[in-house]
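Below is run00.pdb, holding PDB, C-alpha atoms.
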ATOM      1  CA  MET A   1      20.643  15.463  26.503
ATOM      2  CA  ILE A   2      20.719  17.866  23.559
ATOM      3  CA  SER A   3      18.668  15.402  21.525
ATOM      4  CA  LEU A   4      16.043  15.250  24.301
ATOM      5  CA  VAL A   5      15.744  19.031  24.363
ATOM      6  CA  PHE A   6      15.537  19.061  20.583
ATOM      7  CA  ILE A   7      12.793  16.415  20.551
ATOM      8  CA  ALA A   8      10.843  18.258  23.272
ATOM      9  CA  ALA A   9      11.094  21.499  21.308
ATOM     10  CA  LEU A  10       9.993  19.744  18.117
ATOM     11  CA  PHE A  11       7.089  18.124  19.985
ATOM     12  CA  ALA A  12       5.965  21.498  21.352
ATOM     13  CA  LEU A  13       6.259  23.094  17.923
ATOM     14  CA  LEU A  14       4.234  20.322  16.264
ATOM     15  CA  LEU A  15       1.549  20.504  18.961
ATOM     16  CA  TYR A  16       1.385  24.276  18.491
ATOM     17  CA  VAL A  17       1.015  23.858  14.720
ATOM     18  CA  VAL A  18      -1.683  21.191  15.066
ATOM     19  CA  ALA A  19      -3.605  23.379  17.520
ATOM     20  CA  ASN A  20      -3.519  26.256  15.036
ATOM     21  CA  MET A  21      -4.555  24.285  11.968
ATOM     22  CA  PRO A  22      -7.634  25.605  10.180
ATOM     23  CA  PRO A  23     -10.803  23.735  11.161
ATOM     24  CA  MET A  24     -11.776  20.828   8.929
ATOM     25  CA  GLY A  25     -14.427  21.528   6.320
ATOM     26  CA  ASP A  26     -14.412  25.292   6.785
ATOM     27  CA  PRO A  27     -15.170  27.000   3.446
ATOM     28  CA  ASP A  28     -12.826  29.868   4.373
ATOM     29  CA  ASN A  29      -9.785  27.588   4.638
ATOM     30  CA  PRO A  30      -6.753  28.728   2.654
ATOM     31  CA  THR A  31      -6.809  25.528   0.587
ATOM     32  CA  ASN A  32     -10.327  26.272  -0.569
ATOM     33  CA  SER A  33      -9.532  29.670  -2.012
ATOM     34  CA  SER A  34      -7.340  28.208  -4.755
ATOM     35  CA  GLU A  35      -8.872  28.310  -8.207
ATOM     36  CA  VAL A  36      -7.631  24.765  -8.890
ATOM     37  CA  ILE A  37     -10.101  23.334  -6.353
ATOM     38  CA  GLU A  38     -12.939  25.244  -7.955
ATOM     39  CA  ARG A  39     -12.010  23.914 -11.369
ATOM     40  CA  TYR A  40     -11.757  20.330 -10.084
ATOM     41  CA  LEU A  41     -15.110  20.443  -8.354
ATOM     42  CA  GLU A  42     -17.043  22.315 -11.015
ATOM     43  CA  LYS A  43     -15.588  20.958 -14.240
ATOM     44  CA  GLY A  44     -14.151  17.675 -12.943
ATOM     45  CA  GLY A  45     -17.097  15.490 -13.826
ATOM     46  CA  GLU A  46     -17.459  17.026 -17.240
ATOM     47  CA  GLU A  47     -13.770  16.927 -18.140
ATOM     48  CA  THR A  48     -12.707  13.572 -16.713
ATOM     49  CA  HIS A  49     -16.058  11.747 -16.964
ATOM     50  CA  ALA A  50     -15.262  10.179 -13.575
ATOM     51  CA  ASP A  51     -18.132   9.987 -11.126
ATOM     52  CA  ASN A  52     -15.684  10.154  -8.249
ATOM     53  CA  VAL A  53     -13.769  13.428  -8.132
ATOM     54  CA  VAL A  54     -10.817  11.830  -6.341
ATOM     55  CA  THR A  55     -10.389   9.244  -9.112
ATOM     56  CA  GLY A  56     -10.676  11.976 -11.709
ATOM     57  CA  ILE A  57      -7.905  13.944 -10.025
ATOM     58  CA  ILE A  58      -5.613  10.967  -9.423
ATOM     59  CA  ILE A  59      -5.864   9.465 -12.890
ATOM     60  CA  ASN A  60      -6.461  12.532 -15.046
ATOM     61  CA  TYR A  61      -5.492  15.898 -13.586
ATOM     62  CA  ARG A  62      -2.615  14.497 -11.527
ATOM     63  CA  GLY A  63      -1.812  11.633 -13.873
ATOM     64  CA  TYR A  64       1.898  12.432 -13.837
ATOM     65  CA  ASP A  65       2.021  12.151 -10.039
ATOM     66  CA  THR A  66       0.331   8.770 -10.089
ATOM     67  CA  MET A  67       2.626   7.566 -12.851
ATOM     68  CA  GLY A  68       5.610   8.638 -10.769
ATOM     69  CA  GLU A  69       4.285   6.788  -7.726
ATOM     70  CA  VAL A  70       3.787   3.638  -9.775
ATOM     71  CA  THR A  71       7.374   3.949 -10.991
ATOM     72  CA  VAL A  72       8.559   4.323  -7.392
ATOM     73  CA  ILE A  73       6.873   1.036  -6.387
ATOM     74  CA  PHE A  74       8.520  -0.664  -9.318
ATOM     75  CA  CYS A  75      11.907   0.792  -8.330
ATOM     76  CA  ALA A  76      11.398  -0.551  -4.782
ATOM     77  CA  LEU A  77      11.116  -4.052  -6.238
ATOM     78  CA  ALA A  78      14.196  -3.459  -8.376
ATOM     79  CA  ALA A  79      16.137  -2.372  -5.268
ATOM     80  CA  VAL A  80      14.992  -5.382  -3.219
ATOM     81  CA  LEU A  81      15.906  -7.742  -6.053
ATOM     82  CA  ALA A  82      19.296  -6.061  -6.469
ATOM     83  CA  VAL A  83      20.101  -6.678  -2.784
ATOM     84  CA  LEU A  84      18.395 -10.007  -2.070
ATOM     85  CA  GLY A  85      18.010 -11.602  -5.474
ATOM     86  CA  ARG A  86      15.070 -13.528  -6.833
ATOM     87  CA  GLU A  87      14.172 -16.973  -5.553
ATOM     88  CA  ARG A  88      15.407 -19.822  -7.703
ATOM     89  CA  ARG A  89      12.978 -22.232  -9.245
ATOM     90  CA  GLY A  90      12.543 -25.576  -7.514
ATOM     91  CA  ARG A  91      14.543 -24.788  -4.380
ATOM     92  CA  ILE A  92      12.449 -22.306  -2.524
ATOM     93  CA  TYR A  93      11.500 -22.725   1.063
ATOM     94  CA  ALA A  94      11.038 -20.425   3.998
ATOM     95  CA  TYR A  95      11.059 -20.607   7.768
ATOM     96  CA  VAL A  96       7.431 -21.759   7.678
ATOM     97  CA  ASP A  97       8.210 -24.737   5.436
ATOM     98  CA  ARG A  98      11.079 -25.933   7.638
ATOM     99  CA  SER A  99       9.204 -25.495  10.897
ATOM    100  CA  ARG A 100       8.460 -28.809  12.627
ATOM    101  CA  VAL A 101       5.439 -27.279  14.373
ATOM    102  CA  PRO A 102       2.476 -27.264  12.004
ATOM    103  CA  SER A 103       0.277 -24.188  12.130
ATOM    104  CA  SER A 104      -2.997 -24.840  13.900
ATOM    105  CA  VAL A 105      -5.994 -26.299  12.089
ATOM    106  CA  ILE A 106      -8.150 -23.331  13.068
ATOM    107  CA  VAL A 107      -5.739 -20.836  11.548
ATOM    108  CA  ARG A 108      -5.277 -22.882   8.370
ATOM    109  CA  THR A 109      -9.020 -23.310   7.865
ATOM    110  CA  MET A 110      -9.764 -19.656   8.512
ATOM    111  CA  VAL A 111      -7.057 -18.456   6.133
ATOM    112  CA  ALA A 112      -8.123 -20.891   3.407
ATOM    113  CA  LEU A 113     -11.719 -19.709   3.802
ATOM    114  CA  LEU A 114     -10.943 -16.012   3.979
ATOM    115  CA  VAL A 115      -8.339 -15.559   1.230
ATOM    116  CA  PRO A 116     -10.801 -15.953  -1.695
ATOM    117  CA  PHE A 117     -13.114 -13.377  -0.127
ATOM    118  CA  ILE A 118     -10.253 -10.949   0.486
ATOM    119  CA  ILE A 119      -9.232 -11.288  -3.164
ATOM    120  CA  LEU A 120     -12.856 -10.755  -4.215
ATOM    121  CA  PHE A 121     -12.970  -7.609  -2.090
ATOM    122  CA  SER A 122      -9.799  -6.343  -3.717
ATOM    123  CA  VAL A 123     -11.285  -6.903  -7.175
ATOM    124  CA  TYR A 124     -14.267  -4.866  -6.030
ATOM    125  CA  THR A 125     -11.941  -2.148  -4.708
ATOM    126  CA  ILE A 126     -10.086  -1.977  -8.027
ATOM    127  CA  LEU A 127     -13.082  -2.067 -10.375
ATOM    128  CA  HIS A 128     -15.373   0.033  -8.240
ATOM    129  CA  GLY A 129     -12.582   2.516  -7.491
ATOM    130  CA  GLU A 130     -13.832   4.567 -10.396
ATOM    131  CA  ILE A 131     -16.957   5.579  -8.516
ATOM    132  CA  SER A 132     -16.115   4.962  -4.866
ATOM    133  CA  PRO A 133     -13.105   5.285  -2.566
ATOM    134  CA  GLY A 134     -10.353   2.862  -3.377
ATOM    135  CA  GLY A 135      -8.692   2.026  -6.624
ATOM    136  CA  GLY A 136      -5.801   0.195  -8.145
ATOM    137  CA  PHE A 137      -3.204   0.807  -5.500
ATOM    138  CA  GLN A 138      -5.426  -0.039  -2.536
ATOM    139  CA  GLY A 139      -6.815  -3.135  -4.268
ATOM    140  CA  GLY A 140      -3.331  -4.279  -5.213
ATOM    141  CA  ALA A 141      -2.142  -3.872  -1.633
ATOM    142  CA  ILE A 142      -5.102  -5.971  -0.442
ATOM    143  CA  VAL A 143      -4.281  -8.785  -2.916
ATOM    144  CA  GLY A 144      -0.655  -8.584  -1.862
ATOM    145  CA  GLY A 145      -1.668  -8.689   1.795
ATOM    146  CA  SER A 146      -3.912 -11.714   1.290
ATOM    147  CA  MET A 147      -1.135 -13.645  -0.454
ATOM    148  CA  ILE A 148       1.294 -12.601   2.269
ATOM    149  CA  VAL A 149      -1.048 -14.074   4.889
ATOM    150  CA  PHE A 150      -1.379 -17.219   2.770
ATOM    151  CA  THR A 151       2.413 -17.522   2.509
ATOM    152  CA  THR A 152       3.025 -17.089   6.222
ATOM    153  CA  ILE A 153       0.526 -19.867   7.032
ATOM    154  CA  PHE A 154       0.945 -22.377   4.188
ATOM    155  CA  GLY A 155       4.588 -21.766   3.404
ATOM    156  CA  LEU A 156       6.526 -20.424   0.480
ATOM    157  CA  LEU A 157       6.574 -23.765  -1.349
ATOM    158  CA  GLU A 158       2.792 -23.825  -1.629
ATOM    159  CA  SER A 159       2.259 -20.164  -2.504
ATOM    160  CA  SER A 160       5.071 -19.967  -5.042
ATOM    161  CA  GLN A 161       3.352 -22.806  -6.876
ATOM    162  CA  ARG A 162       0.112 -20.829  -6.890
ATOM    163  CA  ILE A 163       1.810 -17.674  -8.153
ATOM    164  CA  PRO A 164       4.913 -18.934  -9.958
ATOM    165  CA  GLN A 165       7.684 -16.663 -11.088
ATOM    166  CA  ARG A 166       6.779 -17.011 -14.760
ATOM    167  CA  LEU A 167       3.353 -15.532 -13.929
ATOM    168  CA  ARG A 168       4.686 -12.712 -11.753
ATOM    169  CA  PHE A 169       7.541 -11.749 -14.025
ATOM    170  CA  PRO A 170       5.456 -10.252 -16.874
ATOM    171  CA  LEU A 171       2.800  -8.825 -14.530
ATOM    172  CA  GLU A 172       5.179  -6.914 -12.240
ATOM    173  CA  GLY A 173       5.642  -4.241 -14.859
ATOM    174  CA  SER A 174       1.965  -4.053 -15.782
ATOM    175  CA  ALA A 175       1.322  -0.940 -13.676
ATOM    176  CA  VAL A 176       4.035   1.074 -15.399
ATOM    177  CA  ILE A 177       3.352  -0.426 -18.813
ATOM    178  CA  THR A 178      -0.416   0.202 -18.854
ATOM    179  CA  PHE A 179       0.026   3.716 -17.539
ATOM    180  CA  PHE A 180       2.606   4.619 -20.186
ATOM    181  CA  ALA A 181       0.637   2.833 -22.915
ATOM    182  CA  VAL A 182      -2.605   4.633 -22.088
ATOM    183  CA  GLY A 183      -0.670   7.895 -21.801
ATOM    184  CA  ALA A 184       0.837   7.335 -25.228
ATOM    185  CA  LEU A 185      -2.660   6.634 -26.591
ATOM    186  CA  GLY A 186      -3.407  10.274 -25.834
ATOM    187  CA  LEU A 187      -0.499  11.269 -28.067
ATOM    188  CA  ALA A 188      -1.745   8.959 -30.796
ATOM    189  CA  GLY A 189      -5.123  10.656 -30.668
ATOM    190  CA  GLY A 190      -3.539  14.024 -31.280
ATOM    191  CA  GLY A 191      -3.812  15.222 -27.682
ATOM    192  CA  ASN A 192      -1.324  15.516 -24.868
ATOM    193  CA  PHE A 193       0.387  12.687 -23.015
ATOM    194  CA  LEU A 194      -2.036  11.171 -20.463
ATOM    195  CA  THR A 195      -5.107  12.867 -21.863
ATOM    196  CA  PHE A 196      -7.965  10.492 -22.237
ATOM    197  CA  ALA A 197      -9.973  12.741 -24.498
ATOM    198  CA  TRP A 198     -10.302  12.513 -28.252
ATOM    199  CA  PRO A 199     -13.680  14.132 -28.865
ATOM    200  CA  GLU A 200     -13.204  14.303 -32.633
ATOM    201  CA  ILE A 201     -12.454  10.573 -32.940
ATOM    202  CA  ALA A 202     -14.538   8.987 -30.195
ATOM    203  CA  GLY A 203     -17.562  11.232 -30.561
ATOM    204  CA  ASN A 204     -20.457  10.093 -28.431
ATOM    205  CA  LEU A 205     -18.448   7.172 -27.085
ATOM    206  CA  GLN A 206     -16.037   9.538 -25.312
ATOM    207  CA  PRO A 207     -17.517   9.225 -21.777
ATOM    208  CA  SER A 208     -17.600   5.433 -21.766
ATOM    209  CA  LEU A 209     -14.166   5.274 -23.417
ATOM    210  CA  VAL A 210     -12.703   7.345 -20.589
ATOM    211  CA  VAL A 211     -14.355   5.093 -18.004
ATOM    212  CA  TRP A 212     -12.931   1.948 -19.640
ATOM    213  CA  LEU A 213      -9.457   3.440 -19.917
ATOM    214  CA  THR A 214      -9.614   4.451 -16.250
ATOM    215  CA  VAL A 215     -10.635   0.913 -15.298
ATOM    216  CA  LEU A 216      -7.783  -0.432 -17.458
ATOM    217  CA  VAL A 217      -5.240   1.792 -15.729
ATOM    218  CA  GLU A 218      -6.620   0.892 -12.283
ATOM    219  CA  THR A 219      -6.455  -2.825 -13.100
ATOM    220  CA  GLY A 220      -2.900  -2.444 -14.323
ATOM    221  CA  ILE A 221      -1.872  -0.619 -11.164
ATOM    222  CA  GLY A 222      -3.637  -3.212  -8.989
ATOM    223  CA  LEU A 223      -2.094  -6.248 -10.685
ATOM    224  CA  GLY A 224       1.342  -4.689 -10.893
ATOM    225  CA  GLY A 225       1.301  -3.478  -7.301
ATOM    226  CA  ALA A 226       0.115  -6.841  -6.004
ATOM    227  CA  MET A 227       2.777  -8.758  -7.927
ATOM    228  CA  VAL A 228       5.514  -6.380  -6.800
ATOM    229  CA  LEU A 229       4.495  -6.796  -3.140
ATOM    230  CA  ILE A 230       4.339 -10.590  -3.473
ATOM    231  CA  SER A 231       7.724 -10.717  -5.208
ATOM    232  CA  ILE A 232       9.283  -8.530  -2.507
ATOM    233  CA  LEU A 233       7.886 -10.853   0.170
ATOM    234  CA  PHE A 234       9.109 -13.974  -1.635
ATOM    235  CA  SER A 235      12.624 -12.656  -2.069
ATOM    236  CA  MET A 236      12.690 -11.516   1.571
ATOM    237  CA  ILE A 237      11.267 -14.682   3.129
ATOM    238  CA  ARG A 238      13.117 -17.302   1.056
ATOM    239  CA  GLU A 239      15.950 -19.257   2.577
ATOM    240  CA  GLU A 240      18.688 -21.065   0.788
ATOM    241  CA  GLU A 241      21.706 -22.881   2.096
ATOM    242  CA  GLU A 242      23.615 -21.254   4.919
ATOM    243  CA  ILE A 243      26.024 -18.628   3.759
ATOM    244  CA  ALA A 244      29.487 -19.151   5.216
ATOM    245  CA  VAL A 245      30.317 -16.383   7.650
ATOM    246  CA  VAL A 246      33.519 -14.622   6.685
ATOM    247  CA  PRO A 247      35.378 -13.606   9.851
TER     248      PRO A 247
ATOM    249  CA  MET B 248     -19.198  12.642  21.058
ATOM    250  CA  GLY B 249     -17.085  13.479  17.996
ATOM    251  CA  THR B 250     -14.519  15.459  19.956
ATOM    252  CA  ALA B 251     -14.230  12.752  22.599
ATOM    253  CA  LEU B 252     -13.627  10.138  19.892
ATOM    254  CA  ASN B 253     -11.017  12.317  18.190
ATOM    255  CA  LEU B 254      -9.270  12.914  21.492
ATOM    256  CA  THR B 255      -9.265   9.190  22.258
ATOM    257  CA  PHE B 256      -7.718   8.457  18.874
ATOM    258  CA  ILE B 257      -5.041  11.117  19.285
ATOM    259  CA  VAL B 258      -4.107   9.948  22.790
ATOM    260  CA  LEU B 259      -3.982   6.330  21.559
ATOM    261  CA  LEU B 260      -1.822   7.412  18.622
ATOM    262  CA  VAL B 261       0.709   9.110  20.884
ATOM    263  CA  VAL B 262       0.694   6.177  23.339
ATOM    264  CA  THR B 263       1.179   3.524  20.637
ATOM    265  CA  ALA B 264       3.884   5.610  18.943
ATOM    266  CA  LEU B 265       5.788   5.946  22.223
ATOM    267  CA  LEU B 266       5.346   2.254  23.079
ATOM    268  CA  ALA B 267       6.547   1.209  19.629
ATOM    269  CA  VAL B 268       9.728   3.220  20.096
ATOM    270  CA  LEU B 269      10.333   2.155  23.696
ATOM    271  CA  ALA B 270       9.657  -1.589  23.326
ATOM    272  CA  ARG B 271      12.839  -3.669  23.661
ATOM    273  CA  ASP B 272      11.177  -6.665  22.052
ATOM    274  CA  LEU B 273      11.167  -5.799  18.346
ATOM    275  CA  LEU B 274       8.302  -8.187  17.554
ATOM    276  CA  ALA B 275       6.144  -6.407  20.146
ATOM    277  CA  ALA B 276       7.208  -3.074  18.676
ATOM    278  CA  VAL B 277       6.061  -4.183  15.209
ATOM    279  CA  ILE B 278       2.672  -5.347  16.518
ATOM    280  CA  ILE B 279       2.202  -2.064  18.390
ATOM    281  CA  PHE B 280       3.178  -0.211  15.234
ATOM    282  CA  SER B 281       0.498  -2.093  13.317
ATOM    283  CA  ALA B 282      -2.031  -1.026  15.975
ATOM    284  CA  TYR B 283      -0.798   2.536  15.427
ATOM    285  CA  SER B 284      -1.487   2.161  11.694
ATOM    286  CA  LEU B 285      -4.964   0.826  12.397
ATOM    287  CA  ILE B 286      -5.824   3.810  14.614
ATOM    288  CA  MET B 287      -4.355   6.083  11.954
ATOM    289  CA  ALA B 288      -6.655   4.449   9.379
ATOM    290  CA  LEU B 289      -9.672   5.141  11.610
ATOM    291  CA  MET B 290      -8.418   8.700  11.984
ATOM    292  CA  TRP B 291      -8.225   9.174   8.196
ATOM    293  CA  GLN B 292     -11.779   7.900   7.931
ATOM    294  CA  ARG B 293     -12.881  10.427  10.546
ATOM    295  CA  LEU B 294     -11.130  13.153   8.557
ATOM    296  CA  GLN B 295     -13.240  12.067   5.557
ATOM    297  CA  ALA B 296     -10.332  10.633   3.599
ATOM    298  CA  PRO B 297     -11.551   7.074   2.880
ATOM    299  CA  ASP B 298      -8.973   6.528   0.131
ATOM    300  CA  LEU B 299      -6.162   7.171   2.577
ATOM    301  CA  ALA B 300      -7.898   5.046   5.214
ATOM    302  CA  LEU B 301      -7.989   2.071   2.837
ATOM    303  CA  THR B 302      -4.342   2.543   1.913
ATOM    304  CA  GLU B 303      -3.241   2.919   5.523
ATOM    305  CA  ALA B 304      -5.163  -0.190   6.593
ATOM    306  CA  ALA B 305      -3.875  -2.332   3.717
ATOM    307  CA  VAL B 306      -0.277  -1.138   3.520
ATOM    308  CA  GLY B 307       0.434   0.238   6.999
ATOM    309  CA  ALA B 308      -1.345  -2.328   9.124
ATOM    310  CA  GLY B 309      -1.091  -5.251   6.711
ATOM    311  CA  VAL B 310       1.835  -5.466   4.342
ATOM    312  CA  THR B 311       4.564  -3.564   6.194
ATOM    313  CA  THR B 312       3.812  -5.435   9.435
ATOM    314  CA  VAL B 313       4.423  -8.783   7.776
ATOM    315  CA  LEU B 314       7.557  -7.498   6.031
ATOM    316  CA  PHE B 315       8.875  -6.261   9.396
ATOM    317  CA  VAL B 316       8.087  -9.611  11.020
ATOM    318  CA  VAL B 317       9.923 -11.425   8.217
ATOM    319  CA  ALA B 318      12.893  -9.096   8.691
ATOM    320  CA  ILE B 319      12.898  -9.825  12.446
ATOM    321  CA  PHE B 320      12.822 -13.593  11.848
ATOM    322  CA  LYS B 321      15.818 -13.134   9.569
ATOM    323  CA  THR B 322      17.755 -11.158  12.168
ATOM    324  CA  ARG B 323      17.397 -10.936  15.936
ATOM    325  CA  ARG B 324      14.303 -10.353  18.026
ATOM    326  CA  ARG B 325      15.816  -8.488  20.964
ATOM    327  CA  GLU B 326      17.281  -5.053  20.793
ATOM    328  CA  GLU B 327      20.850  -5.113  22.005
ATOM    329  CA  GLU B 328      21.770  -3.275  25.182
ATOM    330  CA  GLU B 329      23.797  -0.181  24.647
ATOM    331  CA  GLU B 330      27.184  -0.082  26.260
TER     332      GLU B 330
END
Write out the structure in this file as C-alpha cells.
Amino acid sequence: MISLVFIAALFALLLYVVANMPPMGDPDNPTNSSEVIERYLEKGGEETHADNVVTGIIINYRGYDTMGEVTVIFCALAAVLAVLGRERRGRIYAYVDRSRVPSSVIVRTMVALLVPFIILFSVYTILHGEISPGGGFQGGAIVGGSMIVFTTIFGLLESSQRIPQRLRFPLEGSAVITFFAVGALGLAGGGNFLTFAWPEIAGNLQPSLVVWLTVLVETGIGLGGAMVLISILFSMIREEEEIAVVP
Amino acid sequence: MGTALNLTFIVLLVVTALLAVLARDLLAAVIIFSAYSLIMALMWQRLQAPDLALTEAAVGAGVTTVLFVVAIFKTRRREEEEE
C-alpha cells in the first residue's frame, strides 16, 4: 500500500516536471545560455574539423566520456565471461541447434538475404558517422544485432564457425585499444591526451588527418562493440552438458 | 498534427510500459518492451536526436530483446504466483 502511494506520488511529480520542461528548440532555454554550447557551435568545425558537430563533441571535446563508455562495454563482457564462461571450441551448441523443429524456409531465406545488407548498412553508419548521425557504437550494435538474428535462426554451431573465437578474441578489445592508442598519439605529438591536433607537424594535412583518426576511432569502437555483443550472446546462449543439481 | 503525434507516442509509451510490467508471460513482456523501445526511438527522432534514435532502435529494440529472450529460454517463461 505504501509502495502504491509512493509510486503515485512519483508519477505525479514526474508528470509535473515534464509539463514544466522548457519548450524544445527555444533559444532562451537554460541549456542554451551556457558558454560551452556557444563554443561548440561556433568553433566546433574549426577546432575538431568534423562536419557533424555531434561527432566533434563525442570524439574530441568529450573524448574522455566516450572512452569511459567504451571501457564500460568492455567491462560488461568481462563480467558476463566471469559468470558464464566462454564457449569451448568444438563443443558449442545452443537450443536452436538441438531443436527437432527446423526453422521455416521463409525465415531462413529472408535472414540469409537480409544479413549482408544489414552489415552493409552498419558499415555505412560507422564510416559515414563522421558527417551524419550514427557512428561506431550504433554501427557496432547493428552488426551485433544482425549476427544475433543469424545465430537465433541458423544456430550457434553455424555462426560460431563464421565468427570463430580466435577472430573475436583480438577484436573485442579493439575499441579500447584504438581509443587509447589514438589518445596517446596526441601525447606523442606534444599535445594533450586525446587531442587530435598537431598543427606544427601535420601542417596543411591537419584537417584530413583528424578526419582519418576519427574514422579510425569509430571503426575501432564499431568492431569492438560488435564483437563484445556477439561474444556476450554466444556465452549466454551456449549449452553444455547438464549440470548436476546439488540439493 | 505534431502535437497529436507526440500525444499518441506518449500515451503508447505509458501503455506499453504498464503492459510490460503487468504481463505474467515474460516472453510477452519482453516483446512489449521491445515495442516500447521502438516507440521511444521514434520519439527521439521527433525530438531531433537521430543519434539516440539509432542507438535506441539497435540496442533497445534489437540486442537487449534477444538477450532477454535467451535468458527466458534458459530459465522459466511464466512468472510465479506470489504466495
Practice task
Give the residues of chain A that lie within 8 Å of chain B; count all atoms listed in the file, and format the answer as a list in words.
Solution key: Met24, Pro133, Gly134, Phe137, Gln138, Ala141, Ile142, Gly144, Gly145, Ile148, Leu233, Met236 and Ile237 of chain A
Exercise for the section: Extract, using all atoms listed in the file, all DNA, RNA and protein residues at most 10 Å from B:Arg323, discarding same-chain residues fewer than 6 positions from it, and format them as a list in words. Expected result: Asp272, Leu273 and Leu274 of chain B
Exercise for the section: Identify all residues satisfying the PyMOL selection byres ((chain B and resi 283) around 12) in the given file; provide them as a PyMOL selection string. Expected result: chain B and resi 256-268+276-282+284-290+303-304+307-309+312
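For A:Gly186, the non-local neighbours within 7 Å, defined as residues at least 6 positions apart in the same chain or in other chains and counting only C-alpha atoms, are A:Asn192, A:Phe193, A:Leu194, A:Thr195, A:Phe196.
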Handout entry: Point-to-point distance in Å for atom CA of A:Phe121 and atom CA of A:Val143
Key =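 Answer for the atom CA of A:Val143 to atom CA of A:Phe121 separation: 8.8 Å.
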Can you translate the PyMOL selection byres ((chain A and resi 71) around 12) into the concrete residues it hits in this file, as a CSV table (one decimal) with C-alpha atoms, in the coordinates of the input?
chain,number,residue,atom,x,y,z
A,64,TYR,CA,1.9,12.4,-13.8
A,65,ASP,CA,2.0,12.2,-10.0
A,66,THR,CA,0.3,8.8,-10.1
A,67,MET,CA,2.6,7.6,-12.9
A,68,GLY,CA,5.6,8.6,-10.8
A,69,GLU,CA,4.3,6.8,-7.7
A,70,VAL,CA,3.8,3.6,-9.8
A,72,VAL,CA,8.6,4.3,-7.4
A,73,ILE,CA,6.9,1.0,-6.4
A,74,PHE,CA,8.5,-0.7,-9.3
A,75,CYS,CA,11.9,0.8,-8.3
A,76,ALA,CA,11.4,-0.6,-4.8
A,77,LEU,CA,11.1,-4.1,-6.2
A,78,ALA,CA,14.2,-3.5,-8.4
A,172,GLU,CA,5.2,-6.9,-12.2
A,173,GLY,CA,5.6,-4.2,-14.9
A,174,SER,CA,2.0,-4.1,-15.8
A,175,ALA,CA,1.3,-0.9,-13.7
A,176,VAL,CA,4.0,1.1,-15.4
A,177,ILE,CA,3.4,-0.4,-18.8
A,178,THR,CA,-0.4,0.2,-18.9
A,179,PHE,CA,0.0,3.7,-17.5
A,180,PHE,CA,2.6,4.6,-20.2
A,221,ILE,CA,-1.9,-0.6,-11.2
A,224,GLY,CA,1.3,-4.7,-10.9
A,225,GLY,CA,1.3,-3.5,-7.3
A,228,VAL,CA,5.5,-6.4,-6.8
Practice task
Report the distance between atom CA of B:Arg325 and atom CA of B:Leu269 in Å, rounded to one decimal place.
Solution key: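 Atom CA of B:Arg325 sits 12.3 Å away from atom CA of B:Leu269.
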Practice task
Find the residues near stretch 49-61 of chain A: any atom within 8 Å, counting all atoms listed in the file, skip ones fewer than 3 places away on the same chain, and give them as an MDAnalysis selection string.
Solution key: chainID A and resid 40:41 44:46 65:66 129:133 135 194:196 207 210:211 214
Could you save those same residues with C-alpha atoms as a compact mmCIF listing (two decimals), keeping the file's coordinate frame?
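Final output, out-v2.txt:
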# COMPACT_ATOMS: atom_id res chain seq x y z
CA TYR A 40 -11.76 20.33 -10.08
CA LEU A 41 -15.11 20.44 -8.35
CA GLY A 44 -14.15 17.68 -12.94
CA GLY A 45 -17.10 15.49 -13.83
CA GLU A 46 -17.46 17.03 -17.24
CA ASP A 65 2.02 12.15 -10.04
CA THR A 66 0.33 8.77 -10.09
CA GLY A 129 -12.58 2.52 -7.49
CA GLU A 130 -13.83 4.57 -10.40
CA ILE A 131 -16.96 5.58 -8.52
CA SER A 132 -16.11 4.96 -4.87
CA PRO A 133 -13.10 5.28 -2.57
CA GLY A 135 -8.69 2.03 -6.62
CA LEU A 194 -2.04 11.17 -20.46
CA THR A 195 -5.11 12.87 -21.86
CA PHE A 196 -7.96 10.49 -22.24
CA PRO A 207 -17.52 9.22 -21.78
CA VAL A 210 -12.70 7.34 -20.59
CA VAL A 211 -14.36 5.09 -18.00
CA THR A 214 -9.61 4.45 -16.25
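One finds atom CA of B:Ala251 at 23.7 Å from atom CA of A:Asn29.
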